[in-house]
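These notes are about the structure you will find just below.
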Amino acid sequence: MRFDFDMDAAIFDMDGTLLDTMPYWRYTPLEFLLAHQLPVDPELLPKLYTASSRKTIAGFCEQYGLDGEAAAREAEGFMNRHYLYDAHLKTPAVPAFLARLKERGAHMCVATAAPREYAKNGLRRLGILDYFDFVTDNRECGLNKRQPEYFLNLLKRMGSTPERSWVFEDALYAMRSAKSAGLRVCAIEDGTQVNDREEIKRAADVYIRDYSELM
């Protein structure tokens, strides 16, 4: 595939896009149940892979009368351990792709739903943190990826415009918001998004399984 590297800015999601960590996120509800010695229903396990971990854990909290906010922070702590010790790059070609963008003068940032300090731990450990101008999360600006303004705010920080920028994502809702804001979207396939795959292919300007396809 011939990819046009002529851009001023690139916004990268992290989990499922730069790092192969969405399965870890999906199974944080299992880690939560085990940590609290709560019963594990074997029929639950196949459902976790494509379900929102935050919603699943919130359901457990309602069922067992637990603090939802504390549980969410606990799940993020599970993920931080994965970032620190056993997370992997999405594909081996990630560093080379980022280096190519850097050589072309593109500004780059990471926009993640994970706490940004935890995200930096994973990016640093895997050797790609220094490619990015900054790492941000939903808490920093009070917006989220369901809002087109979220992406416009990031472009303002990088001094770019929508028509000169790309978003690299695995989640459909974020792609739709980015497109609404006027950015181009490269979708990276992730198994946890299988239920949305056909819609993702329609929404994205480019659809890949591996960054080597763009090199």
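Residues in the structure tokens are numbered from 1 in each chain, the chains being A, B, ... in the order shown, and ligands are numbered from 1 in the order shown.
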#### Entry: Selection near Glu31 (chain A), 12 Å with only C-alpha atoms, sequence-local residues under 6 positions removed, as a ChimeraX atom specification
/A:24-25,37-40,45,48,53,56-57,71,74-79,81-82
Kindly export the residues of the current selection with C-alpha atoms, as a PDB file, in the first residue's frame.
```pdb
ATOM      1  CA  TYR A  24      -5.272  -7.066  28.840  1.00  0.00           C
ATOM      2  CA  TRP A  25      -7.941  -4.379  29.200  1.00  0.00           C
ATOM      3  CA  GLN A  37     -12.080 -13.520  45.755  1.00  0.00           C
ATOM      4  CA  LEU A  38     -15.419 -13.168  44.015  1.00  0.00           C
ATOM      5  CA  PRO A  39     -16.963 -16.074  42.077  1.00  0.00           C
ATOM      6  CA  VAL A  40     -15.955 -16.474  38.422  1.00  0.00           C
ATOM      7  CA  LEU A  45     -15.029 -15.555  30.022  1.00  0.00           C
ATOM      8  CA  LEU A  48     -15.151 -10.460  28.086  1.00  0.00           C
ATOM      9  CA  SER A  53     -14.150  -3.750  30.799  1.00  0.00           C
ATOM     10  CA  THR A  56     -18.359  -4.995  33.177  1.00  0.00           C
ATOM     11  CA  ILE A  57     -16.550  -3.977  36.372  1.00  0.00           C
ATOM     12  CA  ALA A  71     -12.755  -0.348  41.251  1.00  0.00           C
ATOM     13  CA  GLU A  74      -7.891  -0.614  40.654  1.00  0.00           C
ATOM     14  CA  ALA A  75      -8.395  -1.816  37.067  1.00  0.00           C
ATOM     15  CA  GLU A  76      -6.129   0.980  35.830  1.00  0.00           C
ATOM     16  CA  GLY A  77      -3.539  -0.238  38.328  1.00  0.00           C
ATOM     17  CA  PHE A  78      -3.757  -3.724  36.836  1.00  0.00           C
ATOM     18  CA  MET A  79      -3.044  -2.174  33.455  1.00  0.00           C
ATOM     19  CA  ARG A  81       1.557  -3.388  35.833  1.00  0.00           C
ATOM     20  CA  HIS A  82       1.097  -4.719  32.301  1.00  0.00           C
TER      21      HIS A  82
END
```
### Task
Write out as an MDAnalysis selection string all residues of chain A that DSSP puts in strand (DSSP E) for this structure's backbone.
chainID A and resid 9:12 107:112 134:137 165:169 184:188 206:208
### Message
Quick one: residues within 12 Å of Glu163 (chain A), only C-alpha atoms, excluding same-chain residues fewer than 2 positions away - as a VMD selection string?
### Response
chain A and resid 6 to 10 152 155 160 to 161 165 to 167 178 to 185
### Query
Residues at most 9 Å from Pro95 (chain A), counting only C-alpha atoms, excluding those fewer than 5 positions away in the same chain, as a ChimeraX atom specification?
/A:89,100,127-128,131
Save the residues we just selected, C-alpha atoms, as a PDB file, in the first residue's frame?
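Saved as result.pdb:
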```
ATOM      1  CA  LEU A  89       4.129  -3.303  20.672  1.00  0.00           C
ATOM      2  CA  ARG A 100       9.429   7.774   9.194  1.00  0.00           C
ATOM      3  CA  GLY A 127      11.249   2.588  23.517  1.00  0.00           C
ATOM      4  CA  ILE A 128       8.800   4.811  21.647  1.00  0.00           C
ATOM      5  CA  TYR A 131       8.708  10.121  19.303  1.00  0.00           C
TER       6      TYR A 131
END
```
### Message
Give me, as a PyMOL selection string, the residues of region 50-98 of chain A that a backbone DSSP run labels helix (DSSP H, G or I).
### Response
chain A and resi 53-64+68-85+94-98
Residues just named, written with N, CA and C atoms as a JSON list (two decimals), in the first residue's frame:
```
[["chain", "number", "residue", "atom", "x", "y", "z"],
["A", 53, "SER", "N", -14.58, -3.33, 29.47],
["A", 53, "SER", "CA", -14.15, -3.75, 30.80],
["A", 53, "SER", "C", -14.69, -2.81, 31.87],
["A", 54, "ARG", "N", -14.74, -1.53, 31.58],
["A", 54, "ARG", "CA", -15.23, -0.57, 32.56],
["A", 54, "ARG", "C", -16.70, -0.83, 32.90],
["A", 55, "LYS", "N", -17.51, -1.10, 31.87],
["A", 55, "LYS", "CA", -18.92, -1.39, 32.11],
["A", 55, "LYS", "C", -19.09, -2.71, 32.86],
["A", 56, "THR", "N", -18.27, -3.69, 32.52],
["A", 56, "THR", "CA", -18.36, -4.99, 33.18],
["A", 56, "THR", "C", -18.02, -4.87, 34.65],
["A", 57, "ILE", "N", -16.94, -4.15, 34.98],
["A", 57, "ILE", "CA", -16.55, -3.98, 36.37],
["A", 57, "ILE", "C", -17.58, -3.15, 37.12],
["A", 58, "ALA", "N", -18.16, -2.14, 36.45],
["A", 58, "ALA", "CA", -19.22, -1.36, 37.08],
["A", 58, "ALA", "C", -20.42, -2.25, 37.44],
["A", 59, "GLY", "N", -20.70, -3.22, 36.57],
["A", 59, "GLY", "CA", -21.78, -4.17, 36.86],
["A", 59, "GLY", "C", -21.47, -5.03, 38.07],
["A", 60, "PHE", "N", -20.21, -5.47, 38.20],
["A", 60, "PHE", "CA", -19.80, -6.24, 39.38],
["A", 60, "PHE", "C", -19.97, -5.40, 40.65],
["A", 61, "CYS", "N", -19.59, -4.14, 40.57],
["A", 61, "CYS", "CA", -19.69, -3.27, 41.74],
["A", 61, "CYS", "C", -21.14, -3.11, 42.18],
["A", 62, "GLU", "N", -22.02, -2.95, 41.20],
["A", 62, "GLU", "CA", -23.44, -2.84, 41.53],
["A", 62, "GLU", "C", -23.96, -4.13, 42.14],
["A", 63, "GLN", "N", -23.50, -5.26, 41.60],
["A", 63, "GLN", "CA", -23.96, -6.56, 42.08],
["A", 63, "GLN", "C", -23.50, -6.84, 43.51],
["A", 64, "TYR", "N", -22.25, -6.44, 43.81],
["A", 64, "TYR", "CA", -21.68, -6.80, 45.12],
["A", 64, "TYR", "C", -21.59, -5.61, 46.07],
["A", 68, "GLY", "N", -17.55, 1.90, 42.88],
["A", 68, "GLY", "CA", -17.25, 1.88, 41.45],
["A", 68, "GLY", "C", -16.01, 2.67, 41.08],
["A", 69, "GLU", "N", -15.83, 3.84, 41.68],
["A", 69, "GLU", "CA", -14.66, 4.66, 41.36],
["A", 69, "GLU", "C", -13.38, 3.98, 41.82],
["A", 70, "ALA", "N", -13.40, 3.39, 43.01],
["A", 70, "ALA", "CA", -12.23, 2.67, 43.51],
["A", 70, "ALA", "C", -11.91, 1.47, 42.61],
["A", 71, "ALA", "N", -12.95, 0.81, 42.13],
["A", 71, "ALA", "CA", -12.76, -0.35, 41.25],
["A", 71, "ALA", "C", -12.13, 0.07, 39.92],
["A", 72, "ALA", "N", -12.56, 1.22, 39.39],
["A", 72, "ALA", "CA", -12.00, 1.71, 38.13],
["A", 72, "ALA", "C", -10.52, 2.02, 38.31],
["A", 73, "ARG", "N", -10.17, 2.65, 39.42],
["A", 73, "ARG", "CA", -8.75, 2.94, 39.68],
["A", 73, "ARG", "C", -7.95, 1.65, 39.85],
["A", 74, "GLU", "N", -8.56, 0.66, 40.47],
["A", 74, "GLU", "CA", -7.89, -0.61, 40.65],
["A", 74, "GLU", "C", -7.60, -1.28, 39.30],
["A", 75, "ALA", "N", -8.58, -1.24, 38.40],
["A", 75, "ALA", "CA", -8.40, -1.82, 37.07],
["A", 75, "ALA", "C", -7.28, -1.10, 36.32],
["A", 76, "GLU", "N", -7.22, 0.23, 36.46],
["A", 76, "GLU", "CA", -6.13, 0.98, 35.83],
["A", 76, "GLU", "C", -4.79, 0.57, 36.42],
["A", 77, "GLY", "N", -4.77, 0.25, 37.71],
["A", 77, "GLY", "CA", -3.54, -0.24, 38.33],
["A", 77, "GLY", "C", -3.11, -1.58, 37.77],
["A", 78, "PHE", "N", -4.09, -2.46, 37.50],
["A", 78, "PHE", "CA", -3.76, -3.72, 36.84],
["A", 78, "PHE", "C", -3.06, -3.45, 35.51],
["A", 79, "MET", "N", -3.62, -2.49, 34.75],
["A", 79, "MET", "CA", -3.04, -2.17, 33.45],
["A", 79, "MET", "C", -1.65, -1.56, 33.58],
["A", 80, "ASN", "N", -1.44, -0.75, 34.59],
["A", 80, "ASN", "CA", -0.12, -0.15, 34.76],
["A", 80, "ASN", "C", 0.93, -1.24, 34.95],
["A", 81, "ARG", "N", 0.60, -2.28, 35.67],
["A", 81, "ARG", "CA", 1.56, -3.39, 35.83],
["A", 81, "ARG", "C", 1.87, -4.03, 34.49],
["A", 82, "HIS", "N", 0.84, -4.16, 33.63],
["A", 82, "HIS", "CA", 1.10, -4.72, 32.30],
["A", 82, "HIS", "C", 1.98, -3.79, 31.48],
["A", 83, "TYR", "N", 1.72, -2.48, 31.56],
["A", 83, "TYR", "CA", 2.57, -1.53, 30.83],
["A", 83, "TYR", "C", 4.02, -1.62, 31.30],
["A", 84, "LEU", "N", 4.19, -1.81, 32.59],
["A", 84, "LEU", "CA", 5.54, -1.82, 33.17],
["A", 84, "LEU", "C", 6.30, -3.12, 32.89],
["A", 85, "TYR", "N", 5.56, -4.24, 32.76],
["A", 85, "TYR", "CA", 6.26, -5.52, 32.77],
["A", 85, "TYR", "C", 6.04, -6.43, 31.56],
["A", 94, "VAL", "N", 6.08, -0.77, 14.39],
["A", 94, "VAL", "CA", 5.67, 0.51, 14.99],
["A", 94, "VAL", "C", 6.82, 1.51, 15.06],
["A", 95, "PRO", "N", 7.99, 1.16, 15.62],
["A", 95, "PRO", "CA", 9.06, 2.16, 15.72],
["A", 95, "PRO", "C", 9.52, 2.70, 14.37],
["A", 96, "ALA", "N", 9.61, 1.85, 13.38],
["A", 96, "ALA", "CA", 10.04, 2.29, 12.06],
["A", 96, "ALA", "C", 9.03, 3.25, 11.44],
["A", 97, "PHE", "N", 7.76, 2.98, 11.65],
["A", 97, "PHE", "CA", 6.72, 3.87, 11.12],
["A", 97, "PHE", "C", 6.78, 5.23, 11.81],
["A", 98, "LEU", "N", 6.92, 5.24, 13.12],
["A", 98, "LEU", "CA", 7.03, 6.50, 13.85],
["A", 98, "LEU", "C", 8.27, 7.27, 13.43]]
```
#### Entry: Residues within 6 Å of region 105-117 of chain A, only C-alpha atoms, excluding chain neighbours under 3 positions, as a ChimeraX atom specification
/A:8-14,101-102,120,132-138
### d(CA of Phe168 (chain A), CA of Pro148 (chain A)) in Å
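The value is 14.7 Å.
If you look at CA of Glu198 (chain A) and CA of Ala51 (chain A), they are 17.4 Å away from each other.
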### Query
Looking at A:Leu44, A:Ala174, A:Leu129, A:Val206, which one is nearest to Ile188 (chain A), with distances taken over only C-alpha atoms?
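Residue with the minimum atom-to-atom distance to Ile188 (chain A): A:Val206.
For Glu199 (chain A), the list of residues within 10 Å, based on only C-alpha atoms and with local chain neighbours fewer than 5 positions off taken out, reads A:Leu172, A:Val194, A:Ala204.
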Would you write out, as a Markdown table, a table of all residues in region 2-35 of chain A that have an atom no more than 12 Å from an atom of region 208-213 of chain A, listing for each the closest atom pair and the distance in Å to one decimal, considering only C-alpha atoms and ordering rows by chain and rising residue number?
```
| residue | atom | partner | partner_atom | distance |
| --- | --- | --- | --- | --- |
| A:Arg2 | CA | A:Glu213 | CA | 8.3 |
| A:Phe3 | CA | A:Glu213 | CA | 8.6 |
| A:Gly16 | CA | A:Arg209 | CA | 10.9 |
| A:Thr17 | CA | A:Asp210 | CA | 9.8 |
| A:Leu18 | CA | A:Tyr211 | CA | 9.7 |
| A:Leu19 | CA | A:Asp210 | CA | 11.9 |
| A:Asp20 | CA | A:Asp210 | CA | 11.4 |
```
Can I get the selected residues back with N, CA and C atoms, as a PDB file, in the first residue's frame?
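In the end it all went to out05.pdb:
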```pdb
ATOM      1  N   ARG A   2       0.602   2.177  -0.870  1.00  0.00           N
ATOM      2  CA  ARG A   2       1.337   3.434  -0.919  1.00  0.00           C
ATOM      3  C   ARG A   2       0.650   4.448  -0.002  1.00  0.00           C
ATOM      4  N   PHE A   3       1.339   4.859   1.057  1.00  0.00           N
ATOM      5  CA  PHE A   3       0.766   5.764   2.046  1.00  0.00           C
ATOM      6  C   PHE A   3       1.412   7.136   1.913  1.00  0.00           C
ATOM      7  N   GLY A  16      -4.287  -1.093  21.593  1.00  0.00           N
ATOM      8  CA  GLY A  16      -4.848  -1.644  20.366  1.00  0.00           C
ATOM      9  C   GLY A  16      -4.353  -0.961  19.112  1.00  0.00           C
ATOM     10  N   THR A  17      -3.579   0.118  19.276  1.00  0.00           N
ATOM     11  CA  THR A  17      -3.098   0.893  18.132  1.00  0.00           C
ATOM     12  C   THR A  17      -1.575   0.952  18.097  1.00  0.00           C
ATOM     13  N   LEU A  18      -0.966   1.379  19.186  1.00  0.00           N
ATOM     14  CA  LEU A  18       0.493   1.351  19.311  1.00  0.00           C
ATOM     15  C   LEU A  18       0.954   0.131  20.096  1.00  0.00           C
ATOM     16  N   LEU A  19       0.157  -0.245  21.094  1.00  0.00           N
ATOM     17  CA  LEU A  19       0.481  -1.401  21.937  1.00  0.00           C
ATOM     18  C   LEU A  19      -0.597  -2.470  21.776  1.00  0.00           C
ATOM     19  N   ASP A  20      -0.185  -3.718  21.854  1.00  0.00           N
ATOM     20  CA  ASP A  20      -1.123  -4.840  21.719  1.00  0.00           C
ATOM     21  C   ASP A  20      -1.687  -5.177  23.098  1.00  0.00           C
TER      22      ASP A  20
END
```
### Query
Separation of CA of Asn144 (chain A) and CA of Ser177 (chain A), in Å?
9.7 Å
